[in-house]
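Raw contents of structure.cif, mmCIF, C-alpha atoms:
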```cif
data_model
loop_
_atom_site.label_atom_id
_atom_site.label_comp_id
_atom_site.auth_asym_id
_atom_site.auth_seq_id
_atom_site.Cartn_x
_atom_site.Cartn_y
_atom_site.Cartn_z
CA MET C 1 4.96 45.98 -0.34
CA VAL C 2 4.23 47.29 -3.82
CA TYR C 3 0.66 47.08 -5.13
CA SER C 4 -0.45 47.57 -8.69
CA LYS C 5 -2.78 50.48 -9.54
CA GLU C 6 -5.62 48.01 -10.09
CA VAL C 7 -5.25 46.57 -6.58
CA GLN C 8 -4.89 50.01 -5.01
CA ASP C 9 -8.24 51.03 -6.54
CA MET C 10 -10.06 48.01 -5.06
CA CYS C 11 -12.23 48.37 -1.97
CA VAL C 12 -11.55 46.18 1.06
CA VAL C 13 -13.62 43.01 1.51
CA HIS C 14 -12.92 41.35 4.83
CA GLN C 15 -11.91 37.69 4.87
CA GLY C 16 -14.39 35.32 6.48
CA VAL C 17 -13.62 32.24 8.56
CA HIS C 18 -10.06 31.01 8.15
CA HIS C 19 -8.89 28.02 10.17
CA GLY C 20 -5.29 27.97 8.94
CA ALA C 21 -3.40 24.79 8.18
CA ALA C 22 -5.18 21.46 8.37
CA PRO C 23 -3.78 19.35 11.22
CA ILE C 24 -1.56 16.41 10.29
CA PRO C 25 -0.65 13.40 12.46
CA GLU C 26 2.85 13.61 13.91
CA GLU C 27 4.11 11.21 16.55
CA ALA C 28 0.65 10.63 18.04
CA LYS C 29 -0.24 14.35 17.98
CA TRP C 30 -2.32 16.45 15.60
CA VAL C 31 -0.17 19.37 14.49
CA LYS C 32 -0.97 22.44 12.41
CA SER C 33 2.43 22.82 10.77
CA ARG C 34 3.22 26.43 9.90
CA GLU C 35 7.00 26.39 10.21
CA VAL C 36 9.77 23.90 9.55
CA LYS C 37 10.21 23.30 13.29
CA ASP C 38 6.63 21.98 13.41
CA ILE C 39 7.64 18.88 11.44
CA SER C 40 8.61 15.62 13.19
CA GLY C 41 8.52 12.00 12.11
CA TYR C 42 10.33 8.98 10.73
CA THR C 43 9.76 8.02 7.13
CA HIS C 44 11.14 6.33 4.02
CA GLY C 45 11.18 7.28 0.36
CA VAL C 46 12.59 6.05 -2.94
CA GLY C 47 14.22 8.17 -5.64
CA TRP C 48 15.67 7.49 -9.07
CA CYS C 49 18.18 9.23 -11.31
CA ALA C 50 17.36 10.90 -14.62
CA PRO C 51 18.31 7.97 -16.88
CA GLN C 52 16.72 5.63 -14.29
CA GLN C 53 19.99 3.78 -14.06
CA GLY C 54 19.95 3.61 -10.28
CA ALA C 55 17.69 4.07 -7.27
CA CYS C 56 18.00 5.27 -3.68
CA LYS C 57 15.99 4.36 -0.60
CA LEU C 58 16.28 7.16 1.93
CA SER C 59 15.12 6.94 5.56
CA LEU C 60 15.05 10.02 7.79
CA ASN C 61 14.29 10.53 11.46
CA ILE C 62 13.22 14.17 11.93
CA LYS C 63 12.67 15.92 15.25
CA GLU C 64 11.31 19.48 15.32
CA GLY C 65 12.26 20.04 11.70
CA VAL C 66 15.88 18.88 12.02
CA ILE C 67 17.17 15.62 10.54
CA GLN C 68 18.65 13.59 13.39
CA GLU C 69 19.29 10.36 11.51
CA ALA C 70 19.70 9.39 7.85
CA LEU C 71 19.94 5.95 6.27
CA VAL C 72 20.94 6.02 2.58
CA GLU C 73 20.69 2.79 0.57
CA THR C 74 21.57 2.79 -3.13
CA ILE C 75 21.60 0.29 -5.97
CA GLY C 76 22.43 0.18 -9.65
CA CYS C 77 25.14 2.82 -10.04
CA SER C 78 28.72 2.74 -8.77
CA GLY C 79 28.98 6.53 -8.47
CA MET C 80 25.81 6.63 -6.40
CA THR C 81 27.40 4.67 -3.57
CA HIS C 82 30.01 7.41 -3.15
CA SER C 83 27.30 10.07 -3.31
CA ALA C 84 25.49 8.17 -0.57
CA ALA C 85 28.57 8.42 1.63
CA MET C 86 28.50 12.19 1.19
CA ALA C 87 24.75 12.36 1.85
CA ALA C 88 25.20 10.50 5.16
CA GLU C 89 27.55 13.32 6.20
CA ILE C 90 25.48 16.17 4.79
CA LEU C 91 21.93 15.37 5.91
CA PRO C 92 22.07 15.05 9.74
CA GLY C 93 21.74 18.49 11.30
CA LEU C 94 19.91 20.07 8.37
CA THR C 95 16.29 21.13 8.47
CA VAL C 96 14.03 19.32 6.00
CA LEU C 97 13.86 22.56 3.97
CA GLU C 98 17.64 22.88 3.85
CA ALA C 99 17.95 19.22 2.85
CA LEU C 100 15.46 19.74 0.04
CA ASN C 101 17.65 22.48 -1.37
CA THR C 102 21.01 20.82 -0.77
CA ASP C 103 22.93 19.34 -3.68
CA LEU C 104 23.27 15.72 -2.61
CA VAL C 105 25.33 15.04 -5.76
CA CYS C 106 23.21 12.17 -7.04
CA ASP C 107 19.85 12.71 -8.77
CA ALA C 108 18.40 9.60 -7.16
CA ILE C 109 19.22 10.82 -3.64
CA ASN C 110 17.84 14.28 -4.43
CA THR C 111 14.65 12.73 -5.79
CA ALA C 112 14.30 10.56 -2.69
CA MET C 113 14.68 13.68 -0.52
CA ARG C 114 11.88 15.34 -2.48
CA GLU C 115 9.61 12.34 -2.02
CA LEU C 116 10.31 12.26 1.72
CA PHE C 117 9.59 15.97 2.03
CA LEU C 118 6.15 15.42 0.46
CA GLN C 119 5.40 12.56 2.84
CA ILE C 120 6.52 14.37 5.96
CA ALA C 121 4.83 17.66 5.03
CA TYR C 122 1.49 15.92 4.52
CA GLY C 123 1.70 13.82 7.68
CA ARG C 124 2.33 10.51 5.94
CA SER C 125 5.27 9.46 8.11
CA GLN C 126 5.82 5.94 9.46
CA SER C 127 5.61 7.31 13.00
CA ALA C 128 2.46 9.39 12.55
CA PHE C 129 0.68 7.53 15.34
CA SER C 130 3.67 6.48 17.47
CA GLU C 131 3.83 8.42 20.72
CA ASP C 132 7.04 10.49 20.82
CA GLY C 133 8.00 8.96 17.46
CA LEU C 134 10.88 6.55 16.96
CA GLN C 135 14.18 6.72 18.82
CA ILE C 136 17.33 7.81 17.05
CA GLY C 137 18.84 4.60 15.74
CA ALA C 138 15.59 3.22 14.39
CA GLY C 139 17.05 3.47 10.89
CA LEU C 140 19.51 0.70 11.64
CA GLU C 141 16.61 -1.62 12.45
CA ASP C 142 15.67 -1.48 8.75
CA LEU C 143 18.90 -3.32 8.01
CA GLY C 144 18.27 -6.21 10.37
CA LYS C 145 20.99 -8.47 11.78
CA GLY C 146 24.37 -7.96 10.20
CA THR C 147 23.55 -4.32 9.42
CA ARG C 148 23.36 -4.84 5.66
CA SER C 149 20.80 -3.67 3.15
CA MET C 150 18.29 -6.35 2.22
CA ILE C 151 18.78 -6.85 -1.50
CA GLY C 152 16.97 -9.06 -3.97
CA THR C 153 18.82 -9.83 -7.19
CA THR C 154 17.36 -12.32 -9.63
CA TYR C 155 18.02 -12.91 -13.30
CA GLY C 156 16.40 -14.93 -16.04
CA THR C 157 16.51 -15.65 -19.76
CA LEU C 158 14.00 -17.33 -22.03
CA ALA C 159 16.64 -19.79 -23.17
CA LYS C 160 18.07 -20.77 -19.78
CA GLY C 161 15.43 -19.82 -17.21
CA PRO C 162 15.71 -18.08 -13.80
CA ARG C 163 18.68 -17.58 -11.50
CA TYR C 164 18.43 -16.45 -7.88
CA LEU C 165 21.58 -14.47 -7.04
CA GLU C 166 20.81 -12.71 -3.75
CA LEU C 167 17.71 -12.61 -1.57
CA THR C 168 16.86 -11.33 1.91
CA ASP C 169 18.50 -14.43 3.41
CA GLY C 170 21.81 -13.52 1.76
CA TYR C 171 24.10 -14.44 -1.13
CA ILE C 172 22.78 -17.49 -2.96
CA THR C 173 25.46 -20.18 -3.29
CA LYS C 174 23.31 -22.93 -4.83
CA ILE C 175 19.83 -23.21 -6.30
CA CYS C 176 18.18 -26.60 -5.88
CA LEU C 177 16.33 -28.25 -8.74
CA ASP C 178 13.85 -31.15 -8.90
CA GLU C 179 13.57 -33.80 -11.59
CA ASN C 180 11.88 -31.26 -13.89
CA ASP C 181 14.74 -28.77 -13.41
CA GLU C 182 12.43 -26.44 -11.50
CA ILE C 183 13.70 -24.46 -8.49
CA ILE C 184 12.50 -25.92 -5.19
CA GLY C 185 14.93 -24.23 -2.80
CA TYR C 186 18.35 -22.69 -2.37
CA ARG C 187 21.43 -22.52 -0.18
CA TYR C 188 22.82 -19.18 0.97
CA VAL C 189 25.39 -17.44 3.12
CA ASN C 190 24.61 -14.30 5.10
CA PHE C 191 27.68 -12.08 4.72
CA GLY C 192 26.66 -9.80 7.60
CA LYS C 193 26.57 -12.72 10.03
CA MET C 194 29.72 -14.18 8.50
CA MET C 195 31.66 -11.00 9.17
CA ASP C 196 30.33 -10.88 12.74
CA PHE C 197 31.63 -14.42 13.31
CA ILE C 198 35.04 -13.52 11.86
CA LYS C 199 35.26 -10.41 14.03
CA ALA C 200 34.40 -12.60 17.03
CA GLY C 201 37.44 -14.79 16.31
CA ASP C 202 36.24 -17.55 13.96
CA ASP C 203 38.35 -18.44 10.94
CA ALA C 204 36.85 -17.76 7.51
CA ASN C 205 35.76 -21.35 6.81
CA THR C 206 34.09 -21.76 10.19
CA ALA C 207 32.37 -18.39 9.85
CA PHE C 208 31.18 -19.34 6.36
CA GLU C 209 29.63 -22.57 7.62
CA LYS C 210 27.97 -20.90 10.63
CA ALA C 211 26.50 -18.15 8.45
CA SER C 212 25.18 -20.57 5.83
CA GLY C 213 21.61 -21.78 5.61
CA LYS C 214 19.00 -23.24 3.30
CA TYR C 215 15.43 -22.55 2.29
CA GLY C 216 12.76 -24.68 0.65
CA ARG C 217 12.77 -28.39 -0.18
CA VAL C 218 16.53 -28.65 -0.40
CA GLN C 219 16.47 -32.26 0.79
CA ASP C 220 14.35 -33.24 -2.23
CA ALA C 221 16.70 -31.71 -4.78
CA VAL C 222 17.90 -33.89 -7.62
CA LYS C 223 20.55 -31.37 -8.59
CA GLU C 224 22.15 -28.25 -7.14
CA ILE C 225 23.79 -25.63 -9.37
CA ASP C 226 25.83 -22.47 -8.90
CA PRO C 227 23.51 -19.73 -10.27
CA ARG C 228 26.47 -17.60 -11.35
CA LYS C 229 28.39 -20.23 -13.29
CA GLU C 230 26.03 -23.02 -14.35
#
```

Now, as a test, write the supplied structure out as structure tokens.
Amino acid sequence: MVYSKEVQDMCVVHQGVHHGAAPIPEEAKWVKSREVKDISGYTHGVGWCAPQQGACKLSLNIKEGVIQEALVETIGCSGMTHSAAMAAEILPGLTVLEALNTDLVCDAINTAMRELFLQIAYGRSQSAFSEDGLQIGAGLEDLGKGTRSMIGTTYGTLAKGPRYLELTDGYITKICLDENDEIIGYRYVNFGKMMDFIKAGDDANTAFEKASGKYGRVQDAVKEIDPRKE
């Protein structure tokens, strides 16, 4: 260790009380994290790319500093989906410090990793008060039945009004209007369920019907329109 002349000429003043790191909640325990291996938890974070063209939701399940599970969901940029595929390969097995300094190709995914690191390092994980944390595989529960990201896509113009294109229920096939041309409900098809039915042996038309549903006052609709064409 090299000290400057000014420091060498100083007299020693002993440090008083020092308690070290403040404890943070981790999986129903209070932990003074001093090393990477002291970090455990399950958490989510959102990142965005430099031109803010796309965004990434990243979910990590970390045990003793090592990423055991990664869920990468992206939207808004075609290249980002391919970067997400790489990130799903790269992240599991890395420590949170390694992951923070790994080129995950896409700015949005890198930014999400930074945001998650801040959460996990400060004890703001989703499993802070869950005994033993969440099991590996908990990330898939975020996707729900059909194992698809829950996406909301809506569009509107001043001249023509709103269009619902995709909501948590699924792909919107029709929006239902009342006598004032106001939306009172919609019809949808859940592609995740539809694919499950097809894989189970149903033909495409049968699977489509079984995976279809409606929401709102559909029965009171005066008119139904295709939000993508009408």

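A cut-off of 10 Å from the point (16.9, -26.3, 2.9), with only C-alpha atoms, picks out the residues Cys176, Ile184, Gly185, Tyr186, Arg187, Tyr188, Gly213, Lys214, Tyr215, Gly216, Arg217, Val218, Gln219, Asp220 and Ala221 of chain C.
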
- Quick one: distance from CA of Leu60 in chain C to CA of Met194 in chain C in Å, one decimal? 28.3 Å

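Here CA of His19 in chain C stands at a distance of 12.5 Å from CA of Ser33 in chain C.
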
- Query: Quick one: residues within 8 Å of Thr153 in chain C, only C-alpha atoms counted, chain neighbours fewer than 4 positions away excluded, as a PyMOL selection string?
  - Reply: chain C and resi 164-167

Output file for the selection above: C-alpha atoms, as a PDB file, in the coordinates of the input:
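Result file is again_1.pdb:
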```pdb
ATOM      1  CA  TYR C 164      18.430 -16.450  -7.880  1.00  0.00           C
ATOM      2  CA  LEU C 165      21.580 -14.470  -7.040  1.00  0.00           C
ATOM      3  CA  GLU C 166      20.810 -12.710  -3.750  1.00  0.00           C
ATOM      4  CA  LEU C 167      17.710 -12.610  -1.570  1.00  0.00           C
TER       5      LEU C 167
END
```

- Note on the structure: In terms of only C-alpha atoms, the residue from C:His14, C:Arg114, C:Lys210, C:Lys193 at minimal distance from Leu58 in chain C is C:Arg114

- Point-to-point distance from CA of Asp169 in chain C to CA of Asp181 in chain C, Å rounded to tenths: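 The value is 22.4 Å.
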
- Query: When distances are computed from all atoms listed in the file, which of C:Gly20, C:Gly41, C:Gly79, C:Gly139 shows the smallest separation from Gly54 in chain C?
  - Reply: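 Among the listed residues, C:Gly79 lies closest to Gly54 in chain C.
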
- From the list C:Glu115, C:Glu230, C:Glu131, C:Glu27, the nearest residue to Lys160 in chain C using only C-alpha atoms is C:Glu230

- Find the residue from C:Gln68, C:Thr147, C:Ser4, C:Thr43 that sits nearest to Ala121 in chain C; use only C-alpha atoms when measuring.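 Checking each candidate against Ala121 in chain C, we get C:Thr43 as the closest.
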
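Running the PyMOL selection byres ((chain C and resi 132-136) around 9) on this file leaves C:Glu26, C:Glu27, C:Ala28, C:Lys29, C:Ser40, C:Gly41, C:Tyr42, C:Asn61, C:Lys63, C:Gln68, C:Glu69, C:Gln126, C:Ser127, C:Ala128, C:Phe129, C:Ser130, C:Glu131, C:Gly137, C:Ala138, C:Gly139 selected.
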
Shell around Trp48 in chain C at 8 Å using all atoms listed in the file, local window under 2 positions removed, as a PDB file with C-alpha atoms, keeping the file's coordinate frame:
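Once everything was written out, this is result.pdb:
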```
ATOM      1  CA  VAL C  46      12.590   6.050  -2.940  1.00  0.00           C
ATOM      2  CA  ALA C  50      17.360  10.900 -14.620  1.00  0.00           C
ATOM      3  CA  GLN C  52      16.720   5.630 -14.290  1.00  0.00           C
ATOM      4  CA  GLN C  53      19.990   3.780 -14.060  1.00  0.00           C
ATOM      5  CA  GLY C  54      19.950   3.610 -10.280  1.00  0.00           C
ATOM      6  CA  ALA C  55      17.690   4.070  -7.270  1.00  0.00           C
ATOM      7  CA  CYS C  56      18.000   5.270  -3.680  1.00  0.00           C
ATOM      8  CA  ASP C 107      19.850  12.710  -8.770  1.00  0.00           C
ATOM      9  CA  ALA C 108      18.400   9.600  -7.160  1.00  0.00           C
ATOM     10  CA  ILE C 109      19.220  10.820  -3.640  1.00  0.00           C
ATOM     11  CA  THR C 111      14.650  12.730  -5.790  1.00  0.00           C
ATOM     12  CA  ALA C 112      14.300  10.560  -2.690  1.00  0.00           C
TER      13      ALA C 112
END
```

- Task: Between C:Arg124, C:Lys57, C:Lys199, C:Lys174, single out the one closest to Asp226 in chain C, counting all atoms listed in the file.
- Result: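 Going through C:Arg124, C:Lys57, C:Lys199, C:Lys174 one by one, the smallest distance to Asp226 in chain C is for C:Lys174.
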
- Query: Which residues, written as a list of chain:residue names, have at least one atom at most 6 Å from Ile24 in chain C, with only C-alpha atoms counted and residues fewer than 5 positions away on the same chain left out?
  - Reply: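 Contacts, with the query itself left out: C:Trp30, C:Val31, C:Gly123.
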
Provide range 112-135 of chain C of the preceding structure as a file containing N, CA, C and O atoms, as an mmCIF file, in the first residue's frame.
```cif
data_model
loop_
_atom_site.group_PDB
_atom_site.id
_atom_site.type_symbol
_atom_site.label_atom_id
_atom_site.label_comp_id
_atom_site.auth_asym_id
_atom_site.auth_seq_id
_atom_site.Cartn_x
_atom_site.Cartn_y
_atom_site.Cartn_z
ATOM 1 N N ALA C 112 -31.814 -3.272 -17.216
ATOM 2 C CA ALA C 112 -32.642 -4.046 -16.294
ATOM 3 C C ALA C 112 -31.776 -4.764 -15.270
ATOM 4 O O ALA C 112 -32.107 -4.820 -14.081
ATOM 5 N N MET C 113 -30.626 -5.315 -15.720
ATOM 6 C CA MET C 113 -29.714 -5.994 -14.798
ATOM 7 C C MET C 113 -29.196 -5.018 -13.751
ATOM 8 O O MET C 113 -29.101 -5.355 -12.568
ATOM 9 N N ARG C 114 -28.898 -3.807 -14.152
ATOM 10 C CA ARG C 114 -28.442 -2.783 -13.200
ATOM 11 C C ARG C 114 -29.525 -2.476 -12.167
ATOM 12 O O ARG C 114 -29.247 -2.369 -10.969
ATOM 13 N N GLU C 115 -30.757 -2.342 -12.638
ATOM 14 C CA GLU C 115 -31.851 -2.027 -11.722
ATOM 15 C C GLU C 115 -32.081 -3.170 -10.739
ATOM 16 O O GLU C 115 -32.342 -2.946 -9.550
ATOM 17 N N LEU C 116 -31.971 -4.412 -11.211
ATOM 18 C CA LEU C 116 -32.131 -5.558 -10.317
ATOM 19 C C LEU C 116 -31.013 -5.624 -9.280
ATOM 20 O O LEU C 116 -31.251 -5.968 -8.117
ATOM 21 N N PHE C 117 -29.792 -5.298 -9.716
ATOM 22 C CA PHE C 117 -28.668 -5.319 -8.783
ATOM 23 C C PHE C 117 -28.922 -4.341 -7.636
ATOM 24 O O PHE C 117 -28.682 -4.661 -6.463
ATOM 25 N N LEU C 118 -29.430 -3.153 -7.959
ATOM 26 C CA LEU C 118 -29.721 -2.164 -6.920
ATOM 27 C C LEU C 118 -30.777 -2.692 -5.956
ATOM 28 O O LEU C 118 -30.646 -2.546 -4.736
ATOM 29 N N GLN C 119 -31.817 -3.305 -6.495
ATOM 30 C CA GLN C 119 -32.868 -3.837 -5.629
ATOM 31 C C GLN C 119 -32.331 -4.910 -4.692
ATOM 32 O O GLN C 119 -32.566 -4.887 -3.484
ATOM 33 N N ILE C 120 -31.616 -5.860 -5.268
ATOM 34 C CA ILE C 120 -31.174 -7.015 -4.506
ATOM 35 C C ILE C 120 -30.110 -6.627 -3.481
ATOM 36 O O ILE C 120 -30.047 -7.162 -2.374
ATOM 37 N N ALA C 121 -29.251 -5.652 -3.832
ATOM 38 C CA ALA C 121 -28.188 -5.227 -2.928
ATOM 39 C C ALA C 121 -28.724 -4.442 -1.737
ATOM 40 O O ALA C 121 -28.105 -4.410 -0.676
ATOM 41 N N TYR C 122 -29.882 -3.822 -1.918
ATOM 42 C CA TYR C 122 -30.483 -3.045 -0.833
ATOM 43 C C TYR C 122 -31.606 -3.799 -0.120
ATOM 44 O O TYR C 122 -32.324 -3.221 0.692
ATOM 45 N N GLY C 123 -31.770 -5.077 -0.440
ATOM 46 C CA GLY C 123 -32.775 -5.874 0.252
ATOM 47 C C GLY C 123 -34.197 -5.568 -0.154
ATOM 48 O O GLY C 123 -35.119 -5.685 0.655
ATOM 49 N N ARG C 124 -34.387 -5.176 -1.413
ATOM 50 C CA ARG C 124 -35.736 -4.848 -1.888
ATOM 51 C C ARG C 124 -36.291 -5.945 -2.793
ATOM 52 O O ARG C 124 -36.989 -5.680 -3.738
ATOM 53 N N SER C 125 -35.957 -7.189 -2.506
ATOM 54 C CA SER C 125 -36.404 -8.287 -3.360
ATOM 55 C C SER C 125 -37.857 -8.650 -3.060
ATOM 56 O O SER C 125 -38.403 -8.306 -2.006
ATOM 57 N N GLN C 126 -38.470 -9.378 -3.994
ATOM 58 C CA GLN C 126 -39.854 -9.817 -3.817
ATOM 59 C C GLN C 126 -39.968 -10.888 -2.742
ATOM 60 O O GLN C 126 -41.044 -11.111 -2.202
ATOM 61 N N SER C 127 -38.849 -11.549 -2.451
ATOM 62 C CA SER C 127 -38.875 -12.644 -1.472
ATOM 63 C C SER C 127 -38.180 -12.266 -0.167
ATOM 64 O O SER C 127 -37.729 -13.137 0.565
ATOM 65 N N ALA C 128 -38.124 -10.964 0.114
ATOM 66 C CA ALA C 128 -37.405 -10.501 1.299
ATOM 67 C C ALA C 128 -37.933 -11.145 2.588
ATOM 68 O O ALA C 128 -37.166 -11.417 3.511
ATOM 69 N N PHE C 129 -39.226 -11.398 2.640
ATOM 70 C CA PHE C 129 -39.808 -11.941 3.864
ATOM 71 C C PHE C 129 -40.433 -13.319 3.649
ATOM 72 O O PHE C 129 -41.295 -13.752 4.415
ATOM 73 N N SER C 130 -39.990 -14.015 2.588
ATOM 74 C CA SER C 130 -40.457 -15.376 2.318
ATOM 75 C C SER C 130 -39.410 -16.367 2.806
ATOM 76 O O SER C 130 -38.280 -16.356 2.323
ATOM 77 N N GLU C 131 -39.779 -17.204 3.751
ATOM 78 C CA GLU C 131 -38.820 -18.140 4.333
ATOM 79 C C GLU C 131 -38.250 -19.069 3.264
ATOM 80 O O GLU C 131 -39.002 -19.679 2.495
ATOM 81 N N ASP C 132 -36.928 -19.118 3.174
ATOM 82 C CA ASP C 132 -36.199 -19.903 2.184
ATOM 83 C C ASP C 132 -36.401 -19.389 0.755
ATOM 84 O O ASP C 132 -35.993 -20.041 -0.207
ATOM 85 N N GLY C 133 -37.047 -18.236 0.606
ATOM 86 C CA GLY C 133 -37.205 -17.644 -0.716
ATOM 87 C C GLY C 133 -38.194 -18.394 -1.584
ATOM 88 O O GLY C 133 -39.043 -19.140 -1.096
ATOM 89 N N LEU C 134 -38.086 -18.191 -2.888
ATOM 90 C CA LEU C 134 -38.973 -18.844 -3.843
ATOM 91 C C LEU C 134 -38.234 -19.968 -4.557
ATOM 92 O O LEU C 134 -37.048 -19.859 -4.847
ATOM 93 N N GLN C 135 -38.954 -21.028 -4.856
ATOM 94 C CA GLN C 135 -38.343 -22.182 -5.520
ATOM 95 C C GLN C 135 -37.908 -21.817 -6.937
ATOM 96 O O GLN C 135 -38.425 -20.889 -7.543
#
```
